[in-house]
Each structure stands twice: as structure tokens, then as C-alpha cells.
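Participant: Structure file input-v6.txt, compact mmCIF, C-alpha atoms and all ligand atoms, is pasted below:
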```txt
# COMPACT_ATOMS: atom_id res chain seq x y z
CA MET Z 1 17.54 -11.55 15.56
CA LYS Z 2 16.08 -10.24 18.81
CA LYS Z 3 14.31 -6.87 18.71
CA ARG Z 4 12.22 -4.91 21.18
CA ILE Z 5 9.31 -3.07 19.56
CA ALA Z 6 7.27 -0.42 21.39
CA VAL Z 7 3.70 -0.52 20.12
CA ILE Z 8 1.34 2.44 20.58
CA SER Z 9 -1.98 1.48 19.08
CA GLY Z 10 -3.53 4.87 19.91
CA ASP Z 11 -7.06 6.08 19.22
CA GLY Z 12 -9.87 5.55 16.71
CA ILE Z 13 -8.98 2.85 14.20
CA GLY Z 14 -5.44 2.70 15.67
CA PRO Z 15 -6.15 -0.46 17.71
CA ASP Z 16 -7.96 -2.15 14.76
CA ILE Z 17 -5.04 -1.77 12.36
CA THR Z 18 -2.34 -2.32 14.99
CA PHE Z 19 -3.83 -5.71 15.83
CA GLU Z 20 -3.39 -6.78 12.19
CA ALA Z 21 0.13 -5.33 11.94
CA VAL Z 22 1.19 -7.26 15.04
CA LYS Z 23 -0.31 -10.41 13.51
CA VAL Z 24 1.95 -9.89 10.48
CA LEU Z 25 4.98 -9.14 12.68
CA LYS Z 26 4.45 -12.41 14.53
CA ARG Z 27 4.25 -14.27 11.25
CA VAL Z 28 7.52 -12.65 10.09
CA ALA Z 29 9.19 -13.71 13.35
CA GLU Z 30 7.95 -17.27 12.88
CA ARG Z 31 8.91 -17.57 9.24
CA PHE Z 32 12.36 -15.95 9.47
CA GLY Z 33 13.29 -17.13 12.97
CA HIS Z 34 13.33 -13.77 14.77
CA ASP Z 35 12.39 -12.91 18.33
CA PHE Z 36 10.24 -9.77 18.44
CA GLU Z 37 9.38 -8.59 21.93
CA ILE Z 38 6.28 -6.41 21.67
CA VAL Z 39 5.63 -3.95 24.51
CA GLU Z 40 2.52 -1.78 24.51
CA TYR Z 41 2.40 1.88 25.59
CA LEU Z 42 -0.25 4.61 25.74
CA ALA Z 43 -0.14 8.00 24.02
CA GLY Z 44 -2.67 10.49 22.64
CA GLY Z 45 -6.30 10.29 23.72
CA ALA Z 46 -5.91 6.90 25.38
CA ALA Z 47 -3.13 8.34 27.58
CA LEU Z 48 -5.20 11.46 28.34
CA ASP Z 49 -8.02 9.25 29.58
CA ALA Z 50 -5.71 7.12 31.71
CA TYR Z 51 -3.08 9.61 32.93
CA ASN Z 52 -4.31 13.09 31.99
CA THR Z 53 -1.36 13.69 29.66
CA PRO Z 54 -1.01 12.89 25.93
CA LEU Z 55 2.53 11.59 26.46
CA PRO Z 56 3.34 9.92 29.79
CA ASP Z 57 7.06 9.79 30.72
CA SER Z 58 6.80 6.01 30.86
CA THR Z 59 5.83 5.93 27.16
CA LEU Z 60 8.72 8.13 26.05
CA LYS Z 61 11.14 6.10 28.18
CA GLY Z 62 9.72 2.80 26.90
CA CYS Z 63 10.16 3.96 23.31
CA GLN Z 64 13.71 5.14 24.03
CA ASP Z 65 14.52 1.70 25.41
CA SER Z 66 13.21 -0.07 22.30
CA ASP Z 67 14.70 -0.75 18.86
CA ALA Z 68 11.72 0.78 17.05
CA VAL Z 69 8.23 2.15 17.64
CA LEU Z 70 5.07 1.16 15.79
CA LEU Z 71 2.26 3.69 16.11
CA GLY Z 72 -1.37 3.38 14.99
CA SER Z 73 -3.02 6.80 15.06
CA LEU Z 74 -3.74 9.45 17.67
CA GLY Z 75 -6.63 11.83 18.29
CA GLY Z 76 -10.40 12.11 17.93
CA PRO Z 77 -13.36 14.44 18.56
CA LYS Z 78 -13.55 13.42 22.21
CA TRP Z 79 -10.35 15.40 22.94
CA ASP Z 80 -10.78 18.22 20.38
CA THR Z 81 -11.95 20.81 22.90
CA LEU Z 82 -8.96 20.42 25.23
CA PRO Z 83 -6.40 23.24 25.39
CA SER Z 84 -3.63 22.79 22.84
CA HIS Z 85 -1.00 21.52 25.31
CA LEU Z 86 -3.37 18.67 26.21
CA ARG Z 87 -4.38 17.61 22.73
CA PRO Z 88 -3.50 14.10 21.54
CA GLU Z 89 -1.43 15.64 18.70
CA LYS Z 90 0.92 17.02 21.36
CA GLY Z 91 1.72 13.42 22.22
CA LEU Z 92 2.78 12.83 18.63
CA LEU Z 93 4.96 15.95 18.51
CA GLY Z 94 6.41 14.99 21.90
CA LEU Z 95 7.38 11.59 20.53
CA ARG Z 96 8.93 13.04 17.38
CA GLY Z 97 10.83 15.75 19.25
CA GLY Z 98 11.67 13.64 22.31
CA LEU Z 99 13.01 10.79 20.21
CA GLY Z 100 14.90 13.14 17.86
CA LEU Z 101 13.15 11.81 14.73
CA PHE Z 102 14.10 14.58 12.32
CA CYS Z 103 13.74 12.67 9.06
CA ASN Z 104 10.28 11.67 7.91
CA LEU Z 105 9.96 9.47 4.84
CA ARG Z 106 6.56 9.44 3.17
CA PRO Z 107 6.50 7.29 0.06
CA ALA Z 108 3.51 7.97 -2.21
CA ILE Z 109 3.18 4.90 -4.38
CA MET Z 110 0.31 4.15 -6.68
CA TYR Z 111 -0.29 0.40 -6.73
CA LYS Z 112 -1.01 -0.95 -10.18
CA GLN Z 113 -3.92 -2.94 -8.75
CA LEU Z 114 -5.50 0.34 -7.59
CA SER Z 115 -4.67 2.65 -10.47
CA GLY Z 116 -8.40 3.15 -11.12
CA ALA Z 117 -8.69 4.97 -7.78
CA CYS Z 118 -6.33 7.77 -8.82
CA PRO Z 119 -8.37 10.99 -9.21
CA LEU Z 120 -6.12 12.29 -12.02
CA LYS Z 121 -6.54 11.40 -15.68
CA ALA Z 122 -4.66 8.27 -16.74
CA GLU Z 123 -2.53 10.20 -19.23
CA VAL Z 124 -1.42 12.60 -16.48
CA VAL Z 125 -0.50 10.00 -13.94
CA GLY Z 126 0.84 7.30 -16.26
CA GLU Z 127 1.21 3.63 -15.34
CA GLN Z 128 3.12 4.14 -12.19
CA LEU Z 129 3.64 6.76 -9.55
CA ASP Z 130 6.37 6.49 -6.96
CA ILE Z 131 7.29 9.72 -5.17
CA MET Z 132 9.27 9.95 -1.95
CA VAL Z 133 8.55 12.96 0.23
CA VAL Z 134 11.36 13.60 2.71
CA ARG Z 135 9.97 15.89 5.39
CA GLU Z 136 11.93 17.63 8.13
CA LEU Z 137 10.11 16.63 11.32
CA THR Z 138 11.53 18.24 14.45
CA GLY Z 139 11.99 21.89 13.49
CA GLY Z 140 10.27 24.78 11.78
CA ILE Z 141 6.94 26.26 12.79
CA TYR Z 142 5.84 23.12 14.65
CA PHE Z 143 8.56 23.60 17.23
CA GLY Z 144 9.31 27.35 17.07
CA ALA Z 145 8.42 30.01 19.61
CA ARG Z 146 4.70 30.74 19.81
CA GLY Z 147 2.36 32.83 21.84
CA SER Z 148 -1.08 34.36 21.92
CA ASP Z 149 -3.32 36.70 23.80
CA GLU Z 150 -6.88 37.80 23.17
CA GLU Z 151 -5.92 40.06 20.26
CA SER Z 152 -3.00 38.41 18.53
CA ALA Z 153 -1.15 35.14 18.10
CA TYR Z 154 2.09 34.09 16.48
CA ASP Z 155 4.10 31.03 15.51
CA THR Z 156 7.72 31.10 14.40
CA MET Z 157 9.38 29.20 11.60
CA SER Z 158 13.05 28.99 12.45
CA TYR Z 159 15.81 26.68 11.32
CA THR Z 160 19.50 26.35 12.03
CA ARG Z 161 22.01 25.54 9.29
CA ALA Z 162 22.73 22.21 11.05
CA GLU Z 163 19.04 21.23 11.06
CA ILE Z 164 18.72 22.06 7.38
CA GLU Z 165 21.91 20.32 6.40
CA ARG Z 166 21.12 16.98 8.07
CA ILE Z 167 17.71 16.65 6.39
CA LEU Z 168 19.02 17.78 3.00
CA ARG Z 169 21.79 15.18 3.24
CA LYS Z 170 19.11 12.52 3.76
CA GLY Z 171 17.35 13.84 0.66
CA PHE Z 172 20.53 13.65 -1.42
CA GLU Z 173 21.37 10.15 -0.15
CA ILE Z 174 17.88 8.85 -0.90
CA ALA Z 175 18.00 10.44 -4.37
CA GLN Z 176 21.33 8.68 -5.00
CA LYS Z 177 19.61 5.33 -4.43
CA ARG Z 178 16.68 6.24 -6.69
CA SER Z 179 16.57 8.30 -9.88
CA ARG Z 180 19.24 10.83 -8.73
CA ARG Z 181 16.77 13.70 -9.00
CA LEU Z 182 16.10 15.79 -5.91
CA CYS Z 183 13.56 18.58 -5.75
CA SER Z 184 13.97 20.91 -2.78
CA VAL Z 185 10.79 22.81 -1.91
CA ASP Z 186 10.84 26.15 -0.09
CA LYS Z 187 9.40 29.67 -0.12
CA ALA Z 188 12.69 31.48 -0.66
CA ASN Z 189 10.99 34.42 -2.37
CA ILE Z 190 9.53 35.39 1.00
CA LEU Z 191 10.89 33.50 4.01
CA SER Z 192 14.35 33.94 5.55
CA SER Z 193 14.37 30.36 6.77
CA SER Z 194 13.78 29.27 3.17
CA GLN Z 195 16.62 31.47 1.91
CA LEU Z 196 18.98 29.73 4.32
CA TRP Z 197 17.47 26.41 3.27
CA ARG Z 198 18.17 27.10 -0.40
CA ALA Z 199 21.70 28.35 0.25
CA VAL Z 200 22.53 25.19 2.22
CA ALA Z 201 21.05 23.00 -0.54
CA ASN Z 202 23.13 24.75 -3.20
CA ALA Z 203 26.28 24.45 -1.10
CA LEU Z 204 25.74 20.72 -0.49
CA CYS Z 205 25.15 20.07 -4.15
CA ALA Z 206 28.91 19.90 -4.86
CA GLU Z 207 29.20 16.91 -2.53
CA TYR Z 208 26.60 14.97 -4.52
CA PRO Z 209 27.60 15.61 -8.13
CA ASP Z 210 25.61 12.58 -9.29
CA VAL Z 211 22.34 14.14 -8.07
CA GLU Z 212 20.46 16.74 -10.09
CA LEU Z 213 19.10 19.33 -7.64
CA THR Z 214 16.14 21.54 -8.51
CA HIS Z 215 14.22 24.06 -6.43
CA LEU Z 216 10.52 24.87 -6.39
CA TYR Z 217 8.49 27.33 -4.37
CA VAL Z 218 5.93 25.46 -2.31
CA ASP Z 219 2.90 26.98 -4.05
CA ASN Z 220 4.27 25.97 -7.44
CA ALA Z 221 5.16 22.51 -6.10
CA ALA Z 222 1.56 22.02 -4.95
CA MET Z 223 0.36 22.90 -8.43
CA GLN Z 224 2.96 20.77 -10.24
CA LEU Z 225 2.03 17.73 -8.15
CA VAL Z 226 -1.40 17.58 -9.74
CA ARG Z 227 -0.39 19.03 -13.11
CA ASN Z 228 2.42 16.59 -13.81
CA PRO Z 229 3.26 14.33 -10.86
CA ARG Z 230 5.60 12.22 -12.96
CA GLN Z 231 8.23 14.96 -12.94
CA PHE Z 232 8.91 14.20 -9.25
CA ASP Z 233 10.99 11.50 -7.69
CA VAL Z 234 12.42 12.67 -4.33
CA ILE Z 235 11.05 15.84 -2.73
CA VAL Z 236 12.80 17.28 0.33
CA THR Z 237 11.20 20.04 2.35
CA GLU Z 238 10.68 21.61 5.76
CA ASN Z 239 8.18 20.44 8.34
CA MET Z 240 4.93 22.25 7.49
CA PHE Z 241 5.41 22.25 3.72
CA GLY Z 242 6.06 18.51 3.99
CA ASP Z 243 2.91 18.02 6.04
CA ILE Z 244 0.81 19.65 3.34
CA LEU Z 245 2.54 18.24 0.25
CA SER Z 246 2.57 14.68 1.61
CA ASP Z 247 -1.21 14.74 2.04
CA GLU Z 248 -1.53 15.99 -1.51
CA ALA Z 249 0.87 13.36 -2.85
CA SER Z 250 -1.01 10.64 -0.97
CA GLN Z 251 -4.30 11.60 -2.55
CA ILE Z 252 -2.99 11.42 -6.08
CA THR Z 253 -2.16 7.75 -5.46
CA GLY Z 254 -5.88 7.37 -4.79
CA SER Z 255 -5.60 5.52 -1.52
CA ILE Z 256 -4.53 7.23 1.68
CA GLY Z 257 -5.28 3.93 3.44
CA MET Z 258 -2.27 2.40 1.70
CA LEU Z 259 0.54 4.76 2.65
CA PRO Z 260 3.06 4.18 5.45
CA SER Z 261 5.73 6.45 6.89
CA ALA Z 262 9.02 6.24 8.72
CA SER Z 263 10.39 8.82 11.14
CA LEU Z 264 14.11 8.38 11.56
CA ARG Z 265 17.23 9.80 13.14
CA GLU Z 266 20.91 9.13 12.35
CA ASP Z 267 21.05 5.70 13.97
CA SER Z 268 18.78 2.81 13.02
CA PHE Z 269 16.02 3.71 15.51
CA GLY Z 270 12.73 4.82 14.01
CA MET Z 271 9.01 5.27 14.53
CA TYR Z 272 6.63 3.86 11.93
CA GLU Z 273 3.04 4.85 11.35
CA PRO Z 274 0.47 5.08 8.59
CA ILE Z 275 0.04 8.59 7.25
CA HIS Z 276 -3.75 8.51 7.62
CA GLY Z 277 -5.55 9.71 10.74
CA SER Z 278 -7.58 7.94 13.42
CA ALA Z 279 -10.91 7.89 11.49
CA PRO Z 280 -13.04 7.73 14.67
CA ASP Z 281 -16.26 7.29 12.67
CA ILE Z 282 -15.25 3.78 11.59
CA ALA Z 283 -13.30 2.73 14.69
CA GLY Z 284 -14.01 -0.79 15.92
CA LYS Z 285 -16.27 -1.57 12.96
CA ASP Z 286 -13.89 -3.86 11.04
CA LEU Z 287 -13.87 -1.35 8.16
CA ALA Z 288 -10.41 0.23 8.32
CA ASN Z 289 -7.75 -0.68 5.78
CA PRO Z 290 -4.78 -2.17 7.70
CA ILE Z 291 -2.43 -2.04 4.70
CA ALA Z 292 -0.76 1.33 5.48
CA MET Z 293 0.01 -0.02 8.94
CA ILE Z 294 1.33 -3.32 7.59
CA LEU Z 295 3.47 -1.42 5.07
CA SER Z 296 4.77 0.58 8.04
CA VAL Z 297 5.89 -2.75 9.52
CA ALA Z 298 7.76 -3.42 6.27
CA MET Z 299 9.48 -0.02 6.55
CA MET Z 300 10.47 -0.86 10.13
CA LEU Z 301 11.97 -4.18 9.09
CA ARG Z 302 13.93 -2.43 6.32
CA HIS Z 303 15.11 0.80 7.98
CA SER Z 304 15.50 -0.13 11.65
CA PHE Z 305 16.36 -3.82 11.51
CA GLY Z 306 18.17 -4.10 8.17
CA MET Z 307 15.83 -6.95 7.21
CA GLU Z 308 15.41 -6.20 3.51
CA GLY Z 309 14.29 -9.72 2.61
CA GLU Z 310 11.65 -9.73 5.31
CA ALA Z 311 10.41 -6.28 4.25
CA GLN Z 312 10.08 -7.42 0.66
CA ALA Z 313 8.24 -10.56 1.77
CA VAL Z 314 5.65 -8.41 3.58
CA GLU Z 315 5.25 -6.13 0.55
CA ALA Z 316 4.92 -9.14 -1.76
CA ALA Z 317 2.26 -10.66 0.52
CA ILE Z 318 0.23 -7.44 0.28
CA GLU Z 319 0.51 -7.39 -3.51
CA ALA Z 320 -0.49 -11.05 -3.67
CA VAL Z 321 -3.65 -10.40 -1.66
CA LEU Z 322 -4.48 -7.38 -3.85
CA ASP Z 323 -3.85 -9.50 -6.96
CA GLN Z 324 -6.36 -12.04 -5.62
CA GLY Z 325 -8.91 -9.22 -5.64
CA TYR Z 326 -9.38 -8.65 -1.90
CA ARG Z 327 -10.23 -5.05 -1.00
CA THR Z 328 -11.26 -3.16 2.11
CA VAL Z 329 -14.12 -0.75 1.53
CA ASP Z 330 -11.91 2.34 0.98
CA ILE Z 331 -10.20 0.72 -2.03
CA TYR Z 332 -13.12 -1.39 -3.20
CA SER Z 333 -14.19 -1.31 -6.82
CA GLU Z 334 -16.67 -3.35 -8.79
CA SER Z 335 -16.06 -7.11 -9.21
CA MET Z 336 -13.54 -7.17 -6.34
CA ILE Z 337 -14.03 -9.09 -3.09
CA LYS Z 338 -14.92 -6.88 -0.16
CA VAL Z 339 -13.25 -7.83 3.14
CA GLY Z 340 -12.96 -6.27 6.59
CA THR Z 341 -9.89 -5.18 8.55
CA LYS Z 342 -9.45 -8.58 10.18
CA GLU Z 343 -9.77 -10.66 7.04
CA MET Z 344 -7.36 -8.39 5.16
CA GLY Z 345 -4.78 -8.75 7.96
CA GLN Z 346 -5.32 -12.48 8.17
CA ARG Z 347 -4.94 -12.98 4.42
CA ILE Z 348 -1.71 -10.98 4.33
CA ALA Z 349 -0.31 -12.96 7.26
CA GLN Z 350 -1.31 -16.18 5.50
CA ALA Z 351 0.25 -15.09 2.21
CA LEU Z 352 3.51 -14.70 4.13
C1 LIG Y 401 0.91 14.23 10.09
C2 LIG Y 401 -0.20 14.86 10.87
C3 LIG Y 401 0.39 15.55 12.10
C4 LIG Y 401 1.30 16.66 11.60
C5 LIG Y 401 -0.63 16.09 13.10
C6 LIG Y 401 -1.59 15.01 13.54
C7 LIG Y 401 0.04 16.73 14.27
O1 LIG Y 401 -0.93 15.73 10.09
O2 LIG Y 401 1.62 13.36 10.64
O3 LIG Y 401 1.08 14.59 8.93
O4 LIG Y 401 0.84 17.76 11.34
O5 LIG Y 401 2.49 16.40 11.47
MG MG Y 402 -0.35 15.71 8.06
```
Can you turn what I pasted into C-alpha cells?
Facilitator:
Amino acid sequence: MKKRIAVISGDGIGPDITFEAVKVLKRVAERFGHDFEIVEYLAGGAALDAYNTPLPDSTLKGCQDSDAVLLGSLGGPKWDTLPSHLRPEKGLLGLRGGLGLFCNLRPAIMYKQLSGACPLKAEVVGEQLDIMVVRELTGGIYFGARGSDEESAYDTMSYTRAEIERILRKGFEIAQKRSRRLCSVDKANILSSSQLWRAVANALCAEYPDVELTHLYVDNAAMQLVRNPRQFDVIVTENMFGDILSDEASQITGSIGMLPSASLREDSFGMYEPIHGSAPDIAGKDLANPIAMILSVAMMLRHSFGMEGEAQAVEAAIEAVLDQGYRTVDIYSESMIKVGTKEMGQRIAQAL
């Protein structure tokens, strides 16, 4: 199959981990006989340095003309003092909004090889943890009206029924393919947008009789995630709640360096990125864990290209390398073999 992939390596450790992910992509192409055309674009801090904007038109256009986007990470202290419309994060929001990527999948999986890294007690977390956070990504307070003057500032959380319905449908459909349990998270005791959210969820329920729908307020959900994470399978929620809960879910797996994400719309197009940040302190030092980025490649193969076998091969290669005891420093534990970014990428490519 021929596919065009827009690659934005970004800032900080972005280029380090992207290099390894591209290595793995090339190996997949070779082994399975695909033709992946990789085209690089700038966004975030790198684009600010080169073009004075965090999202050049040429980048958005290049992504639109591709089959999928692979993104490293954006941002860093160098650009932190810029006004908010010029911050690297604006580039990320511009990509999400501009590409219409309303559905963000953030799997939080605890790998059995790394179960010792989970900060919760073994009896709380159990043998396995596999939670899917489905986060609405192009609405809510991130994209609502905002304003400020010297004395006051405001941001608006607003949602339309259509926006709520399309993300909830994704939640139901994903739950149907998993344990058929869907937990919708809101703040319907306070927020109007959450009351609409809950009403839409309850109305949709009839169309998915095989799925058991529950509701939690976001504060309770945050507590339940550490109290008894095993009660969750698929969580669906609005943009900001999903931002917060997905960081929490990632930490209970013990290894934020291991978690990928997919940002999708109705067609097969998607943008894939690790959920961790740009970690500028370790950039270029061969210390970053490339696994979240390589797992993002697997998600791209699966969701955008329909290449389930290829995706599983990448995931199996990662597990094989972990089984052999290789660890980057963030997931290192005693008696394991410490390797850098490059060696980890190389070993995964070889295992393929
Ligand atoms: C994330 C990040 C972004 C967000 C930031 C960098 C804008 O935290 O992808 O979770 O808030 O969505
Ligand atoms: Mg976040």
C-alpha cells in the first residue's frame, strides 16, 4: 500500500523519538511491502524560530494532503514567555482544530514487564490495567470564547448537541469492541454544558443496548481512578476533563514514556503522538524513551491504514525487547539492561 505521512518532529526530545519511530516505519514498509512517503513539516517552537508562527499554513496544508500525521512533541522554556497566540501549544491546537480531529484516544495500559513501576499497591491495580480514555478534542473551553483585561479574564466551555453526540458515539462504539462498559465523565451538578452532555448520553444509550453506561462527576472520577482503577474500561469525556484524567490514568500505569495517542475524525485520517511532553532537559542526550512514539506508529497503522497485522507486529516487537530486559532510563529497574533512545529504537526495528 502507498501512504503519505506528514512528520512533525517538533521540539525538545521530539526529534530524538521521531527518528526512531521513522526507523520502525521504514522497517514495516520493508517487511510488509508498503511504500511510505515521509514528508517533514515544522510546527511549535521550531516553526516559531523559522517562520515566526507556531503553525505555518504550509504545515497545515501538508498535513491535509497526507494520509496521516506523526507528531513528536511541541514546546519548551525558550518560547514560554511569548504571548499566548504565539506559544508552541497554539500550533498543536491549530492542528487539532484545523484538521477536525475531534476524537482523541488515549489508551493507558500497564505493561506486565513494567508492573513494578506502578505507584499504586499491587492489590489495588491487579495484574493488568487497560483503560481507554476517549477525549473530545476540538470543543469545550479550549476553543470557546475568551477574553481578558487587566482586572478580569474569562474562558468559555460551550458544546453543541452535535459535538457531544459524535464523541459519545465513538465512546459507545469503542466500548462495544471492548468490555461493553462506558463511563461518561462530566460535572452535571454544576455546568450547563455537562447537563446537555449527560442528556445526550442518556438519549443515545437506547441505540447501544449492549453497552452499560454509567456517569461520574469529574472530581469523583479522579478519585476513583486511584482508589480502584480496575472498575474502568472506556471513559468518555469533554476536552479539559479528558486532558486532566488522561494524565492521571497515564501515571497509574507507571510509565508516561510508554503511552501513545490517536486524534481522529470520521474518516480514516488521524494524527498520532505520544502523550508525554517535549522534556527539553533531556533533549538530544539519547535518554528519551521512544516507545510511546513507536506505539503511536502502531496506532497509525491500525486506525488510519487498516493495517492490523502490521500494528500488532510493532507492538509484539516492543514487548519482545522489553522481555529481553532492555530499558530506557525512565523505566529502568535493577538487573535490567539500560539502553539509550537510539539503541531502543534499533532493537525494536530489528525485532520486527
Ligand atoms: C495534551 C497537552 C495539550 C493539551 C497542551 C500541550 C496544549 O497537555 O495533549 O494533553 O492540553 O491538550
Ligand atoms: Mg495534557
Participant: Let me make sure I understand: among Z:Met299, Z:Leu70, Z:Leu213, Z:Leu95, which one has the smallest atom-to-atom distance to Z:Gly14 if we use all atoms listed in the file?
Facilitator: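 Checking each candidate against Z:Gly14, we get Z:Leu70 as the closest.
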Participant: Around stretch 335-351 of chain Z, fit a box with edges along x, y and z, padding it by 3 Å on each side, then list its centre and edge lengths in Å to one decimal as lines of an AutoDock Vina configuration file.
Facilitator:
```
center_x = -7.9
center_y = -10.7
center_z = 0.5
size_x = 22.3
size_y = 17.0
size_z = 25.4
```
Participant: Do you know which residues are within 8 Å of ligand LIG 401 (chain Y) using only C-alpha atoms and all ligand atoms? Can you write them as a VMD selection string?
Facilitator: chain Z and resid 74 to 75 89 to 90 92 to 93 137 239 to 240 243 to 244 246 to 247 275 to 277
Participant: If we count only C-alpha atoms, what is near Z:Glu20 at a cut-off of 9 Å, once residues fewer than 6 positions away on the same chain are taken out, given as a PDB file with C-alpha atoms, in the coordinates of the input?
Facilitator:
```pdb
ATOM      1  CA  PRO Z 290      -4.780  -2.170   7.700  1.00  0.00           C
ATOM      2  CA  ILE Z 291      -2.430  -2.040   4.700  1.00  0.00           C
ATOM      3  CA  MET Z 293       0.010  -0.020   8.940  1.00  0.00           C
ATOM      4  CA  ILE Z 294       1.330  -3.320   7.590  1.00  0.00           C
ATOM      5  CA  THR Z 341      -9.890  -5.180   8.550  1.00  0.00           C
ATOM      6  CA  LYS Z 342      -9.450  -8.580  10.180  1.00  0.00           C
ATOM      7  CA  MET Z 344      -7.360  -8.390   5.160  1.00  0.00           C
ATOM      8  CA  GLY Z 345      -4.780  -8.750   7.960  1.00  0.00           C
ATOM      9  CA  GLN Z 346      -5.320 -12.480   8.170  1.00  0.00           C
ATOM     10  CA  ALA Z 349      -0.310 -12.960   7.260  1.00  0.00           C
TER      11      ALA Z 349
END
```
Participant: Which value, in Å to one decimal, gives the distance between atom CA of Z:Ala317 and atom CA of Z:Ile348?
Facilitator: 5.5 Å
Participant: Nearest to Z:Lys26 among Z:Ala162, Z:Leu352, Z:Leu120, Z:Val329, with distances taken over only C-alpha atoms: which residue is it?
Facilitator: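 Counting only C-alpha atoms, the residue closest to Z:Lys26 is Z:Leu352.
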Participant: Extract, using only C-alpha atoms, all DNA, RNA and protein residues at most 7 Å from stretch 207-212 of chain Z, discarding same-chain residues fewer than 3 positions from it, and format them as a PDB file with C-alpha atoms, in the frame of the given file.
Facilitator:
```pdb
ATOM      1  CA  PHE Z 172      20.530  13.650  -1.420  1.00  0.00           C
ATOM      2  CA  ALA Z 175      18.000  10.440  -4.370  1.00  0.00           C
ATOM      3  CA  GLN Z 176      21.330   8.680  -5.000  1.00  0.00           C
ATOM      4  CA  ARG Z 180      19.240  10.830  -8.730  1.00  0.00           C
ATOM      5  CA  ARG Z 181      16.770  13.700  -9.000  1.00  0.00           C
ATOM      6  CA  LEU Z 182      16.100  15.790  -5.910  1.00  0.00           C
ATOM      7  CA  LEU Z 204      25.740  20.720  -0.490  1.00  0.00           C
TER       8      LEU Z 204
END
```
Participant: Nearest to ligand MG 402 (chain Y) among Z:Ser179, Z:Thr81, Z:Ser9, Z:Ser261, with distances taken over all atoms listed in the file: which residue is it?
Facilitator: Z:Ser261
Participant: Please measure the separation of atom CA of Z:Met300 and atom CA of Z:Thr138, giving the value in Å to one decimal.
Facilitator: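 For atom CA of Z:Met300 relative to atom CA of Z:Thr138, the distance reads 19.6 Å.
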Participant: Could you work out how far atom CA of Z:Asn228 lies from atom CA of Z:Asn289, giving the answer in Å with one decimal?
Facilitator: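 Atom-to-atom, atom CA of Z:Asn289 and atom CA of Z:Asn228 are spaced 28.0 Å apart.
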